[in-house]
file target.pdb (PDB, C-alpha atoms and all ligand atoms)
ATOM      1  CA  MET A 233       0.000   0.000   0.000
ATOM      2  CA  ILE A 234       2.828   2.417   0.853
ATOM      3  CA  SER A 235       4.428   1.366  -2.419
ATOM      4  CA  GLU A 236       1.367   2.649  -4.275
ATOM      5  CA  PHE A 237       1.831   6.106  -2.758
ATOM      6  CA  ASN A 238       5.570   5.946  -3.455
ATOM      7  CA  ARG A 239       4.790   5.050  -7.034
ATOM      8  CA  PHE A 240       2.443   8.009  -7.292
ATOM      9  CA  PHE A 241       4.904  10.492  -5.795
ATOM     10  CA  SER A 242       7.663   9.221  -8.090
ATOM     11  CA  SER A 243       5.630   9.822 -11.219
ATOM     12  CA  HIS A 244       7.167  12.839 -12.858
ATOM     13  CA  SER A 245       4.657  14.221 -15.249
ATOM     14  CA  LEU A 246       1.200  15.434 -14.373
ATOM     15  CA  ALA A 247      -1.168  16.396 -17.166
ATOM     16  CA  SER A 248      -3.263  18.397 -14.705
ATOM     17  CA  THR A 249      -3.821  18.789 -10.959
ATOM     18  CA  TYR A 250      -6.762  16.372 -10.997
ATOM     19  CA  LYS A 251      -4.980  13.273  -9.699
ATOM     20  CA  PRO A 252      -3.351  14.765  -6.572
ATOM     21  CA  THR A 253      -6.563  16.718  -5.880
ATOM     22  CA  LEU A 254      -8.662  13.539  -6.027
ATOM     23  CA  LEU A 255      -6.263  11.900  -3.560
ATOM     24  CA  LYS A 256      -6.633  14.920  -1.254
ATOM     25  CA  CYS A 257     -10.385  14.319  -1.291
ATOM     26  CA  LEU A 258      -9.882  10.665  -0.312
ATOM     27  CA  LEU A 259      -7.726  11.664   2.677
ATOM     28  CA  ASP A 260     -10.951  12.939   4.277
ATOM     29  CA  LEU A 261     -12.276   9.364   4.485
ATOM     30  CA  GLY A 262     -10.184   8.783   7.612
ATOM     31  CA  ASP A 263     -12.675  10.603   9.801
ATOM     32  CA  TYR A 264     -15.715  10.438   7.559
ATOM     33  CA  LYS A 265     -18.044   9.760  10.508
ATOM     34  CA  GLU A 266     -17.328  13.197  11.942
ATOM     35  CA  ASP A 267     -17.111  14.892   8.586
ATOM     36  CA  GLU A 268     -19.649  16.316   6.161
ATOM     37  CA  GLY A 269     -21.041  13.844   3.616
ATOM     38  CA  SER A 270     -20.853  10.769   5.873
ATOM     39  CA  GLN A 271     -24.229   9.659   4.432
ATOM     40  CA  TRP A 272     -22.327   8.789   1.259
ATOM     41  CA  VAL A 273     -19.946   6.339   2.944
ATOM     42  CA  LYS A 274     -21.020   2.751   3.704
ATOM     43  CA  ASP A 275     -18.968   0.612   6.070
ATOM     44  CA  THR A 276     -18.945  -3.082   5.108
ATOM     45  CA  GLY A 277     -16.493  -4.283   7.749
ATOM     46  CA  ASP A 278     -13.098  -4.262   6.078
ATOM     47  CA  ARG A 279     -14.008  -1.866   3.275
ATOM     48  CA  LEU A 280     -15.746   1.442   2.661
ATOM     49  CA  ILE A 281     -18.060   1.969  -0.275
ATOM     50  CA  VAL A 282     -17.883   5.633  -1.151
ATOM     51  CA  ASP A 283     -20.445   7.466  -3.256
ATOM     52  CA  LEU A 284     -18.707   9.944  -5.577
ATOM     53  CA  ASN A 285     -20.809  12.771  -4.118
ATOM     54  CA  PHE A 286     -18.447  12.627  -1.125
ATOM     55  CA  VAL A 287     -15.519  13.209  -3.471
ATOM     56  CA  ALA A 288     -17.222  15.774  -5.740
ATOM     57  CA  ALA A 289     -18.154  18.086  -2.855
ATOM     58  CA  ARG A 290     -14.516  18.242  -1.757
ATOM     59  CA  PHE A 291     -13.137  18.357  -5.294
ATOM     60  CA  LEU A 292     -15.162  21.483  -6.075
ATOM     61  CA  ARG A 293     -14.240  23.044  -2.757
ATOM     62  CA  TYR A 294     -10.489  22.653  -3.402
ATOM     63  CA  TYR A 295     -10.759  24.322  -6.777
ATOM     64  CA  TRP A 296     -13.018  27.214  -5.704
ATOM     65  CA  PRO A 297     -10.294  29.501  -4.202
ATOM     66  CA  LEU A 298      -7.843  28.619  -6.971
ATOM     67  CA  ARG A 299     -10.358  29.771  -9.582
ATOM     68  CA  PHE A 300     -12.015  32.754  -7.898
ATOM     69  CA  LYS A 301      -9.707  33.986  -5.169
ATOM     70  CA  PHE A 302      -6.238  33.408  -6.575
ATOM     71  CA  LYS A 303      -7.205  33.114 -10.262
ATOM     72  CA  LEU A 304      -4.619  30.443 -11.031
ATOM     73  CA  LYS A 305      -4.425  28.953 -14.506
ATOM     74  CA  GLN A 306      -4.725  25.172 -14.619
ATOM     75  CA  GLU A 307      -3.608  24.657 -18.212
ATOM     76  CA  ALA A 308      -0.807  26.249 -20.208
ATOM     77  CA  SER A 309      -3.050  26.518 -23.245
ATOM     78  CA  GLY A 310      -5.357  28.968 -21.477
ATOM     79  CA  MET A 311      -8.219  26.509 -21.885
ATOM     80  CA  ARG A 312     -10.229  26.177 -18.717
ATOM     81  CA  ILE A 313     -10.469  22.726 -17.192
ATOM     82  CA  ALA A 314     -13.874  21.119 -16.730
ATOM     83  CA  VAL A 315     -14.090  21.816 -13.014
ATOM     84  CA  TYR A 316     -13.382  25.538 -13.589
ATOM     85  CA  ARG A 317     -16.076  25.707 -16.270
ATOM     86  CA  ILE A 318     -18.542  24.006 -13.948
ATOM     87  CA  LEU A 319     -17.666  26.324 -11.042
ATOM     88  CA  GLU A 320     -18.071  29.380 -13.271
ATOM     89  CA  LYS A 321     -21.482  28.203 -14.415
ATOM     90  CA  TYR A 322     -22.701  27.514 -10.872
ATOM     91  CA  ASP A 323     -20.875  30.253  -8.982
ATOM     92  CA  SER A 324     -24.025  32.281  -8.320
ATOM     93  CA  LYS A 325     -25.713  29.147  -6.986
ATOM     94  CA  ILE A 326     -22.815  28.516  -4.591
ATOM     95  CA  GLY A 327     -23.200  32.212  -3.772
ATOM     96  CA  VAL A 328     -20.349  32.866  -1.342
ATOM     97  CA  LYS A 329     -17.428  35.289  -1.334
ATOM     98  CA  SER A 330     -14.878  32.959   0.239
ATOM     99  CA  THR A 331     -14.115  29.226   0.130
ATOM    100  CA  PRO A 332     -17.492  27.474   0.465
ATOM    101  CA  PRO A 333     -17.889  25.418   3.652
ATOM    102  CA  LYS A 334     -18.154  21.620   3.384
ATOM    103  CA  ASN A 335     -21.747  21.550   4.616
ATOM    104  CA  LEU A 336     -22.772  23.831   1.747
ATOM    105  CA  MET A 337     -20.908  21.722  -0.814
ATOM    106  CA  CYS A 338     -22.639  18.595   0.543
ATOM    107  CA  SER A 339     -26.102  20.194   0.673
ATOM    108  CA  GLU A 340     -29.111  19.117  -1.374
ATOM    109  CA  SER A 341     -29.202  22.544  -3.062
ATOM    110  CA  LEU A 342     -25.932  21.726  -4.853
ATOM    111  CA  SER A 343     -26.783  18.150  -5.889
ATOM    112  CA  GLU A 344     -26.951  19.067  -9.581
ATOM    113  CA  LEU A 345     -23.541  20.752  -9.388
ATOM    114  CA  ARG A 346     -22.005  17.620  -7.847
ATOM    115  CA  LYS A 347     -23.728  15.389 -10.416
ATOM    116  CA  ILE A 348     -22.272  17.342 -13.338
ATOM    117  CA  THR A 349     -18.835  17.406 -11.713
ATOM    118  CA  ILE A 350     -18.928  13.622 -11.385
ATOM    119  CA  LYS A 351     -20.204  13.097 -14.933
ATOM    120  CA  ASP A 352     -18.099  15.671 -16.815
ATOM    121  CA  GLY A 353     -14.992  15.914 -14.624
ATOM    122  CA  ILE A 354     -14.300  13.097 -12.192
ATOM    123  CA  GLN A 355     -15.559  10.037 -14.103
ATOM    124  CA  PRO A 356     -14.063  10.737 -17.546
ATOM    125  CA  GLN A 357     -10.897  12.579 -16.525
ATOM    126  CA  VAL A 358      -9.440  11.197 -13.329
ATOM    127  CA  LEU A 359     -11.257   8.322 -11.632
ATOM    128  CA  GLY A 360      -9.841   5.550 -13.810
ATOM    129  CA  LYS A 361      -6.593   7.290 -14.786
ATOM    130  CA  LEU A 362      -5.446   7.710 -11.193
ATOM    131  CA  LEU A 363      -5.487   3.920 -10.734
ATOM    132  CA  ASN A 364      -2.644   3.630 -13.264
ATOM    133  CA  ASP A 365      -0.390   5.574 -10.868
ATOM    134  CA  CYS A 366      -1.914   4.754  -7.487
ATOM    135  CA  ASN A 367      -4.029   1.637  -7.293
ATOM    136  CA  ILE A 368      -5.795   2.099  -3.947
ATOM    137  CA  TYR A 369      -9.495   1.675  -4.787
ATOM    138  CA  SER A 370     -11.742  -0.106  -7.241
ATOM    139  CA  ILE A 371     -14.533   1.422  -9.286
ATOM    140  CA  ASN A 372     -17.901  -0.266  -8.859
ATOM    141  CA  ARG A 373     -20.405  -1.078 -11.565
ATOM    142  CA  GLY A 374     -22.251   2.028 -12.677
ATOM    143  CA  ARG A 375     -19.169   4.135 -11.795
ATOM    144  CA  GLN A 376     -21.086   6.028  -9.096
ATOM    145  CA  THR A 377     -19.200   4.501  -6.158
ATOM    146  CA  ILE A 378     -15.716   3.258  -5.347
ATOM    147  CA  THR A 379     -14.595   0.626  -2.850
ATOM    148  CA  ILE A 380     -11.537   1.225  -0.714
ATOM    149  CA  LYS A 381      -9.995  -1.072   1.916
ATOM    150  CA  LYS A 382     -10.118   0.212   5.474
ATOM    151  CA  GLU A 383      -6.427  -0.530   6.007
ATOM    152  CA  ILE A 384      -5.689   1.989   3.241
ATOM    153  CA  VAL A 385      -8.056   4.521   4.809
ATOM    154  CA  ASP A 386      -6.375   3.992   8.197
ATOM    155  CA  PHE A 387      -2.945   4.471   6.623
ATOM    156  CA  MET A 388      -4.083   7.705   4.952
ATOM    157  CA  ASN A 389      -5.606   8.915   8.205
ATOM    158  CA  ALA A 390      -2.471   8.177  10.230
ATOM    159  CA  ASN A 391      -0.320  10.006   7.674
ATOM    160  CA  LYS A 392      -2.801  12.649   6.611
ATOM    161  CA  LYS A 393      -0.611  15.713   7.183
ATOM    162  CA  ILE A 394       2.414  14.233   5.424
ATOM    163  CA  LEU A 395       0.373  13.010   2.469
ATOM    164  CA  GLU A 396      -1.454  16.319   2.192
ATOM    165  CA  SER A 397       1.857  18.227   2.175
ATOM    166  CA  ALA A 398       3.307  15.915  -0.457
ATOM    167  CA  LEU A 399       0.199  16.270  -2.640
ATOM    168  CA  ASN A 400       0.245  20.056  -2.254
ATOM    169  CA  TYR A 401       3.908  20.036  -3.251
ATOM    170  CA  MET A 402       3.036  18.126  -6.427
ATOM    171  CA  ILE A 403       0.219  20.535  -7.235
ATOM    172  CA  THR A 404       2.471  23.542  -6.536
ATOM    173  CA  LYS A 405       5.208  22.205  -8.822
ATOM    174  CA  TYR A 406       2.717  21.738 -11.626
ATOM    175  CA  LEU A 407       1.009  25.133 -11.197
ATOM    176  CA  GLU A 408       4.347  26.952 -10.995
ATOM    177  CA  THR A 409       5.119  25.930 -14.555
ATOM    178  CA  ILE A 410       2.083  27.815 -15.893
ATOM    179  CA  ASN A 411       1.502  30.683 -13.419
ATOM    180  CA  THR A 412       3.534  33.711 -12.362
ATOM    181  CA  HIS A 413       1.854  33.935  -8.922
ATOM    182  CA  PRO A 414       4.770  34.377  -6.478
ATOM    183  CA  ASN A 415       3.521  32.130  -3.681
ATOM    184  CA  ILE A 416       1.420  29.224  -4.960
ATOM    185  CA  ALA A 417       2.138  26.895  -2.018
ATOM    186  CA  ILE A 418       0.323  29.324   0.318
ATOM    187  CA  THR A 419      -2.790  29.308  -1.873
ATOM    188  CA  LEU A 420      -3.215  25.548  -1.308
ATOM    189  CA  GLN A 421      -3.367  25.738   2.463
ATOM    190  CA  GLU A 422      -6.660  25.017   4.162
ATOM    191  CA  LYS A 423      -6.232  27.931   6.564
ATOM    192  CA  ILE A 424      -4.218  30.938   5.470
ATOM    193  CA  ASN A 425      -2.977  33.363   8.089
ATOM    194  CA  ARG A 426      -3.173  36.912   6.891
ATOM    195  CA  THR A 427      -0.781  38.902   9.033
ATOM    196  CA  SER A 428      -0.607  42.655   9.661
ATOM    197  CA  LEU A 429       2.362  44.950   9.834
ATOM    198  CA  MET A 430       3.516  45.766  13.386
ATOM    199  CA  GLN A 431       1.910  48.976  14.614
ATOM    200  CA  SER A 432       5.308  50.657  15.060
ATOM    201  CA  ASP A 433       6.184  49.938  11.406
ATOM    202  CA  PHE A 434       2.790  51.119  10.215
ATOM    203  CA  ALA A 435       3.139  54.315  12.273
ATOM    204  CA  LYS A 436       6.328  55.096  10.296
ATOM    205  CA  ILE A 437       4.421  54.658   7.041
ATOM    206  CA  ILE A 438       1.591  56.950   8.216
ATOM    207  CA  SER A 439       4.022  59.628   9.329
ATOM    208  CA  GLY A 440       5.914  59.292   6.009
ATOM    209  CA  GLN A 441       2.593  60.053   4.311
ATOM    210  CA  LYS A 442       2.083  63.024   6.666
ATOM    211  CA  SER A 443      -1.159  61.429   7.862
ATOM    212  CA  ARG A 444      -2.674  61.598   4.396
ATOM    213  CA  CYS A 445      -4.218  58.735   2.416
ATOM    214  CA  PHE A 446      -1.686  57.305  -0.042
ATOM    215  CA  TYR A 447      -4.223  57.344  -2.854
ATOM    216  CA  CYS A 448      -6.649  60.286  -2.472
ATOM    217  CA  ASP A 449      -4.489  62.483  -0.235
ATOM    218  CA  CYS A 450      -7.242  63.153   2.311
ATOM    219  CA  LYS A 451      -6.068  64.020   5.804
ATOM    220  CA  GLY A 452      -7.109  61.759   8.640
ATOM    221  CA  ASN A 453      -6.166  60.022  11.825
ATOM    222  CA  ALA A 454      -7.272  56.433  11.182
ATOM    223  CA  PHE A 455      -5.934  54.456   8.244
ATOM    224  CA  ALA A 456      -6.168  50.884   7.002
ATOM    225  CA  GLN A 457      -3.096  48.808   6.158
ATOM    226  CA  GLU A 458      -3.662  48.489   2.438
ATOM    227  CA  HIS A 459      -1.828  45.914   0.294
ATOM    228  CA  PHE A 460      -0.754  47.937  -2.771
ATOM    229  CA  ILE A 461      -0.376  44.776  -4.873
ATOM    230  CA  PRO A 462      -3.449  42.768  -3.800
ATOM    231  CA  TRP A 463      -2.925  40.288  -0.982
ATOM    232  CA  ASN A 464      -4.481  37.497  -3.068
ATOM    233  CA  TRP A 465      -1.570  37.845  -5.436
ATOM    234  CA  ILE A 466       1.327  38.518  -3.091
ATOM    235  CA  THR A 467      -0.094  36.485  -0.107
ATOM    236  CA  ASP A 468       2.330  38.198   2.237
ATOM    237  CA  THR A 469       2.541  41.351   4.340
ATOM    238  CA  LYS A 470       5.803  43.283   3.924
ATOM    239  CA  ASN A 471       6.252  46.990   4.530
ATOM    240  CA  PHE A 472       7.261  47.712   0.925
ATOM    241  CA  ASN A 473       3.765  46.674  -0.198
ATOM    242  CA  ILE A 474       1.747  48.336   2.580
ATOM    243  CA  VAL A 475       0.384  51.859   2.312
ATOM    244  CA  ALA A 476      -1.920  53.800   4.633
ATOM    245  CA  ALA A 477      -5.318  54.230   2.980
ATOM    246  CA  CYS A 478      -8.537  55.922   4.069
ATOM    247  CA  ASN A 479     -11.568  53.674   4.496
ATOM    248  CA  THR A 480     -13.174  54.889   1.268
ATOM    249  CA  CYS A 481     -10.114  54.030  -0.823
ATOM    250  CA  ASN A 482      -9.454  50.792   1.053
ATOM    251  CA  SER A 483     -12.915  49.374   0.428
ATOM    252  CA  SER A 484     -13.180  50.694  -3.121
ATOM    253  CA  LYS A 485      -9.782  49.308  -4.167
ATOM    254  CA  ASN A 486     -10.316  45.884  -2.603
ATOM    255  CA  ASP A 487      -8.281  43.386  -4.686
ATOM    256  CA  LYS A 488      -7.655  45.640  -7.684
ATOM    257  CA  LEU A 489      -4.357  46.971  -8.883
ATOM    258  CA  PRO A 490      -3.806  50.763  -8.710
ATOM    259  CA  GLU A 491      -2.891  52.969 -11.660
ATOM    260  CA  ASP A 492       0.674  53.177 -12.866
ATOM    261  CA  LYS A 493       1.224  56.646 -11.324
ATOM    262  CA  PHE A 494       0.784  55.046  -7.888
ATOM    263  CA  LEU A 495       3.432  52.458  -8.793
ATOM    264  CA  ARG A 496       5.830  55.375  -9.386
ATOM    265  CA  LYS A 497       4.747  56.895  -6.078
ATOM    266  CA  ILE A 498       5.267  53.733  -3.995
ATOM    267  CA  ILE A 499       8.686  53.118  -5.564
ATOM    268  CA  VAL A 500       9.788  56.588  -4.419
ATOM    269  CA  ARG A 501       8.180  55.947  -1.012
ATOM    270  CA  ASN A 502      10.054  52.645  -0.702
ATOM    271  CA  SER A 503      13.389  54.286  -1.538
ATOM    272  CA  ASN A 504      12.842  56.378   1.596
ATOM    273  CA  LEU A 505      11.873  53.505   3.917
ATOM    274  CA  THR A 506      14.669  53.001   6.424
ATOM    275  CA  ASN A 507      13.685  49.479   7.522
ATOM    276  CA  ILE A 508      12.586  47.983   4.217
ATOM    277  CA  ALA A 509      11.860  44.229   4.370
ATOM    278  CA  TYR A 510      14.516  41.804   3.132
ATOM    279  CA  GLY A 511      14.621  41.009  -0.569
ATOM    280  CA  TYR A 512      13.114  44.207  -1.976
ATOM    281  CA  THR A 513      14.389  45.708  -5.193
ATOM    282  CA  THR A 514      12.625  48.198  -7.461
ATOM    283  CA  GLU A 515      12.976  45.772 -10.346
ATOM    284  CA  SER A 516      11.433  42.823  -8.517
ATOM    285  CA  PHE A 517       8.547  44.969  -7.281
ATOM    286  CA  GLU A 518       7.817  46.274 -10.780
ATOM    287  CA  LYS A 519       7.979  42.712 -12.093
ATOM    288  CA  ILE A 520       5.406  41.471  -9.552
ATOM    289  CA  TYR A 521       3.158  44.466 -10.346
ATOM    290  CA  HIS A 522       3.203  43.673 -14.070
ATOM    291  CA  GLU A 523       2.725  39.931 -13.559
ATOM    292  CA  CYS A 524      -0.233  40.679 -11.308
ATOM    293  CA  TYR A 525      -1.645  42.983 -13.982
ATOM    294  CA  ASN A 526      -1.371  40.310 -16.670
ATOM    295  CA  ASP A 527      -2.397  37.227 -14.719
ATOM    296  CA  TYR A 528      -4.644  38.432 -11.896
ATOM    297  CA  HIS A 529      -6.080  41.906 -12.462
ATOM    298  CA  GLY A 530      -6.600  41.358 -16.180
ATOM    299  CA  LYS A 531      -5.265  43.445 -19.058
ATOM    300  CA  ASP A 532      -8.797  44.205 -20.220
ATOM    301  CA  GLN A 533      -9.805  45.658 -16.832
ATOM    302  CA  PRO A 534      -9.156  49.337 -16.045
ATOM    303  CA  LEU A 535      -6.629  49.917 -13.286
ATOM    304  CA  TRP A 536      -8.069  51.253 -10.048
ATOM    305  CA  LYS A 537      -8.029  54.942  -9.118
ATOM    306  CA  PRO A 538      -9.573  56.813  -6.183
ATOM    307  CA  VAL A 539     -13.156  57.899  -6.675
ATOM    308  CA  GLN A 540     -12.821  61.499  -5.573
ATOM    309  CA  LYS A 541     -10.541  63.727  -3.674
ATOM    310  CA  ASN A 542     -11.542  65.087  -0.272
ATOM    311  CA  ASP A 543      -9.519  67.300   2.023
ATOM    312  CA  ASP A 544     -10.495  65.330   5.095
ATOM    313  CA  CYS A 545     -10.925  61.570   5.115
ATOM    314  CA  LYS A 546     -14.441  60.269   5.280
TER
HETATM  315 ZN    ZN B 601      -8.261  57.708   0.213
END
call {"tool": "encode", "arguments": {"input": "target.pdb", "output": "structure tokens"}}
result
Amino acid sequence: MISEFNRFFSSHSLASTYKPTLLKCLLDLGDYKEDEGSQWVKDTGDRLIVDLNFVAARFLRYYWPLRFKFKLKQEASGMRIAVYRILEKYDSKIGVKSTPPKNLMCSESLSELRKITIKDGIQPQVLGKLLNDCNIYSINRGRQTITIKKEIVDFMNANKKILESALNYMITKYLETINTHPNIAITLQEKINRTSLMQSDFAKIISGQKSRCFYCDCKGNAFAQEHFIPWNWITDTKNFNIVAACNTCNSSKNDKLPEDKFLRKIIVRNSNLTNIAYGYTTESFEKIYHECYNDYHGKDQPLWKPVQKNDDCK
């Protein structure tokens, strides 16, 4: 059984992220009784019979942030994979602004979404193919359920963290070949810590801006720590990417990229920062800005600018 996982991790070429993502879904079987979708798992003594709805709910959930939050490409050709197309079609039905919870993905209201994912994505594109590299389950007649030995489930449960890390590493390696996002490994984590700049460092930035909003120049006394290049792209908080912004600008900008004139402005600002974070160069910052423009913000979308100028912050 371990040899099957070794065989999988030694395989060098992935055609997509489907196979490691399907295995990530199966890792959840270890504690299926306490997890969402347990109605789709039948215990027969030494085996589990798993309805593919259990897998589809998780499969969709793993891809949701990659498609909508981090906007990662899954194929070099620019063609969208089936699961992205399905998510795009049903996004308003899922109807959330952040990674959908498991209970929503397992709910009756999304049964059609799961059914299409099984029929158009999982069954034709990964269910049988994965067995060539990692033979740990069998597909039952009708292809709606799989059977997996409990000893394999127990092994996956005992080694869940290690297997998950190894699978995420595989997915990262694949996605890095087709995306310019600077921090793909972070985007695959279940929980992502979004840190803030220390207050003393932020105070220096505010005083450098003479207590005026970086974007609209209004004067105020309470500012938000605003990620100049959107956090979803840079997934890190370093002083060279943080500006002090009024609430109006902060909420209006959200995850957009500001106009080029602000890039010039922050580069000058950064040349005056005395404690700039390790690794910064003007060239690398400009490069990340342009990659974000091309691959995240979108070349067809207008760059963000402040709505209006006020003397005092609102
Ligand atoms: Zn402002």
call {"tool": "residues_around", "arguments": {"input": "target.pdb", "residues": "A:Ile378", "least_positions_apart": "2", "cutoff": "7 Å", "atoms": "only C-alpha atoms", "output": "ChimeraX atom specification"}}
result
/A:281-283,369-372,380
call {"tool": "residues_near_ligand", "arguments": {"input": "target.pdb", "ligand": "ligand ZN 601 (chain B)", "cutoff": "10 Å", "atoms": "all atoms listed in the file", "output": "compact mmCIF listing (two decimals) with C-alpha atoms, in the frame of the given file"}}
result
# COMPACT_ATOMS: atom_id res chain seq x y z
CA ARG A 444 -2.67 61.60 4.40
CA CYS A 445 -4.22 58.74 2.42
CA PHE A 446 -1.69 57.30 -0.04
CA TYR A 447 -4.22 57.34 -2.85
CA CYS A 448 -6.65 60.29 -2.47
CA ASP A 449 -4.49 62.48 -0.24
CA CYS A 450 -7.24 63.15 2.31
CA LYS A 451 -6.07 64.02 5.80
CA GLY A 452 -7.11 61.76 8.64
CA PHE A 455 -5.93 54.46 8.24
CA ALA A 456 -6.17 50.88 7.00
CA ALA A 476 -1.92 53.80 4.63
CA ALA A 477 -5.32 54.23 2.98
CA CYS A 478 -8.54 55.92 4.07
CA ASN A 479 -11.57 53.67 4.50
CA THR A 480 -13.17 54.89 1.27
CA CYS A 481 -10.11 54.03 -0.82
CA ASN A 482 -9.45 50.79 1.05
CA SER A 483 -12.92 49.37 0.43
CA SER A 484 -13.18 50.69 -3.12
CA LYS A 485 -9.78 49.31 -4.17
CA LYS A 537 -8.03 54.94 -9.12
CA PRO A 538 -9.57 56.81 -6.18
CA VAL A 539 -13.16 57.90 -6.68
CA GLN A 540 -12.82 61.50 -5.57
CA LYS A 541 -10.54 63.73 -3.67
CA ASN A 542 -11.54 65.09 -0.27
CA ASP A 543 -9.52 67.30 2.02
CA ASP A 544 -10.50 65.33 5.10
CA CYS A 545 -10.92 61.57 5.12
CA LYS A 546 -14.44 60.27 5.28
call {"tool": "atom_distance", "arguments": {"input": "target.pdb", "atom1": "atom CA of A:Ile350", "atom2": "atom CA of A:Ile313"}}
result
13.7 Å
call {"tool": "closest_residue", "arguments": {"input": "target.pdb", "among": "A:Tyr510, A:Phe472, A:Tyr521, A:Tyr250", "to": "A:Pro356", "atoms": "all atoms listed in the file"}}
result
A:Tyr250
call {"tool": "resolve_selection", "arguments": {"input": "target.pdb", "expression": "the PyMOL selection byres (((chain A and resi 278) around 8) and not hetatm)", "output": "VMD selection string"}}
result
chain A and resid 275 to 277 279 to 280 381 to 383
call {"tool": "resolve_selection", "arguments": {"input": "target.pdb", "expression": "the PyMOL selection byres (((chain A and resi 427-441) around 7) and not hetatm)", "output": "PDB file with C-alpha atoms, in the frame of the given file"}}
result
ATOM      1  CA  ASN A 425      -2.977  33.363   8.089  1.00  0.00           C
ATOM      2  CA  ARG A 426      -3.173  36.912   6.891  1.00  0.00           C
ATOM      3  CA  LYS A 442       2.083  63.024   6.666  1.00  0.00           C
ATOM      4  CA  SER A 443      -1.159  61.429   7.862  1.00  0.00           C
ATOM      5  CA  ARG A 444      -2.674  61.598   4.396  1.00  0.00           C
ATOM      6  CA  PHE A 446      -1.686  57.305  -0.042  1.00  0.00           C
ATOM      7  CA  THR A 469       2.541  41.351   4.340  1.00  0.00           C
ATOM      8  CA  ASN A 471       6.252  46.990   4.530  1.00  0.00           C
ATOM      9  CA  VAL A 475       0.384  51.859   2.312  1.00  0.00           C
ATOM     10  CA  ALA A 476      -1.920  53.800   4.633  1.00  0.00           C
TER      11      ALA A 476
END
call {"tool": "closest_residue", "arguments": {"input": "target.pdb", "among": "A:Asn473, A:Ala454, A:Arg317, A:Phe291", "to": "A:Lys497", "atoms": "only C-alpha atoms"}}
result
A:Asn473
call {"tool": "resolve_selection", "arguments": {"input": "target.pdb", "expression": "the PyMOL selection byres (((chain A and resi 465) around 7) and not hetatm)", "output": "MDAnalysis selection string"}}
result
chainID A and resid 302 413 462:464 466:467 524
call {"tool": "closest_residue", "arguments": {"input": "target.pdb", "among": "A:Ile403, A:Val385, A:Cys257, A:Ile499", "to": "A:Ile418", "atoms": "all atoms listed in the file"}}
result
A:Ile403
call {"tool": "closest_residue", "arguments": {"input": "target.pdb", "among": "A:Leu489, A:Ala247, A:Leu342, A:Leu255", "to": "A:Ser397", "atoms": "all atoms listed in the file"}}
result
A:Leu255
call {"tool": "closest_residue", "arguments": {"input": "target.pdb", "among": "A:Tyr264, A:Tyr406, A:Trp296, A:Phe387", "to": "A:Ser248", "atoms": "all atoms listed in the file"}}
result
A:Tyr406
call {"tool": "atom_distance", "arguments": {"input": "target.pdb", "atom1": "atom CA of A:Trp536", "atom2": "atom CA of A:Leu304"}}
result
21.1 Å
call {"tool": "atom_distance", "arguments": {"input": "target.pdb", "atom1": "atom CA of A:Pro490", "atom2": "atom CA of A:Asn411"}}
result
21.3 Å
call {"tool": "closest_residue", "arguments": {"input": "target.pdb", "among": "A:Phe517, A:Tyr316, A:Phe240, A:Tyr512", "to": "A:Leu363", "atoms": "all atoms listed in the file"}}
result
A:Phe240
call {"tool": "axis_aligned_box", "arguments": {"input": "target.pdb", "around": "stretch 280-295 of chain A", "padding_each_side": "3 Å", "output": "JSON"}}
result
{"center_x": -15.6, "center_y": 12.9, "center_z": -2.1, "size_x": 16.3, "size_y": 28.9, "size_z": 15.4}
call {"tool": "closest_atom_pairs", "arguments": {"input": "target.pdb", "of": "stretch 242-313 of chain A", "to": "stretch 345-348 of chain A", "cutoff": "8 Å", "atoms": "only C-alpha atoms", "output": "JSON lines"}}
result
{"residue": "A:Asn285", "atom": "CA", "partner": "A:Arg346", "partner_atom": "CA", "distance": 6.2}
{"residue": "A:Ala288", "atom": "CA", "partner": "A:Arg346", "partner_atom": "CA", "distance": 5.5}
{"residue": "A:Ala289", "atom": "CA", "partner": "A:Arg346", "partner_atom": "CA", "distance": 6.3}
call {"tool": "build_atoms", "arguments": {"input": "target.pdb", "residues": "stretch 399-406 of chain A", "atoms": "N, CA and C atoms", "output": "PDB file, in the coordinates of the input"}}
result
ATOM      1  N   LEU A 399       1.116  16.017  -1.517  1.00  0.00           N
ATOM      2  CA  LEU A 399       0.199  16.270  -2.640  1.00  0.00           C
ATOM      3  C   LEU A 399       0.193  17.756  -3.000  1.00  0.00           C
ATOM      4  N   ASN A 400       0.200  18.617  -1.976  1.00  0.00           N
ATOM      5  CA  ASN A 400       0.245  20.056  -2.254  1.00  0.00           C
ATOM      6  C   ASN A 400       1.545  20.437  -2.963  1.00  0.00           C
ATOM      7  N   TYR A 401       2.629  19.771  -2.588  1.00  0.00           N
ATOM      8  CA  TYR A 401       3.908  20.036  -3.251  1.00  0.00           C
ATOM      9  C   TYR A 401       3.833  19.686  -4.736  1.00  0.00           C
ATOM     10  N   MET A 402       3.219  18.538  -5.022  1.00  0.00           N
ATOM     11  CA  MET A 402       3.036  18.126  -6.427  1.00  0.00           C
ATOM     12  C   MET A 402       2.201  19.138  -7.202  1.00  0.00           C
ATOM     13  N   ILE A 403       1.110  19.573  -6.573  1.00  0.00           N
ATOM     14  CA  ILE A 403       0.219  20.535  -7.235  1.00  0.00           C
ATOM     15  C   ILE A 403       0.960  21.858  -7.451  1.00  0.00           C
ATOM     16  N   THR A 404       1.701  22.292  -6.424  1.00  0.00           N
ATOM     17  CA  THR A 404       2.471  23.542  -6.536  1.00  0.00           C
ATOM     18  C   THR A 404       3.453  23.476  -7.695  1.00  0.00           C
ATOM     19  N   LYS A 405       4.197  22.352  -7.753  1.00  0.00           N
ATOM     20  CA  LYS A 405       5.208  22.205  -8.822  1.00  0.00           C
ATOM     21  C   LYS A 405       4.559  22.318 -10.199  1.00  0.00           C
ATOM     22  N   TYR A 406       3.409  21.694 -10.336  1.00  0.00           N
ATOM     23  CA  TYR A 406       2.717  21.738 -11.626  1.00  0.00           C
ATOM     24  C   TYR A 406       2.236  23.165 -11.930  1.00  0.00           C
TER      25      TYR A 406
END
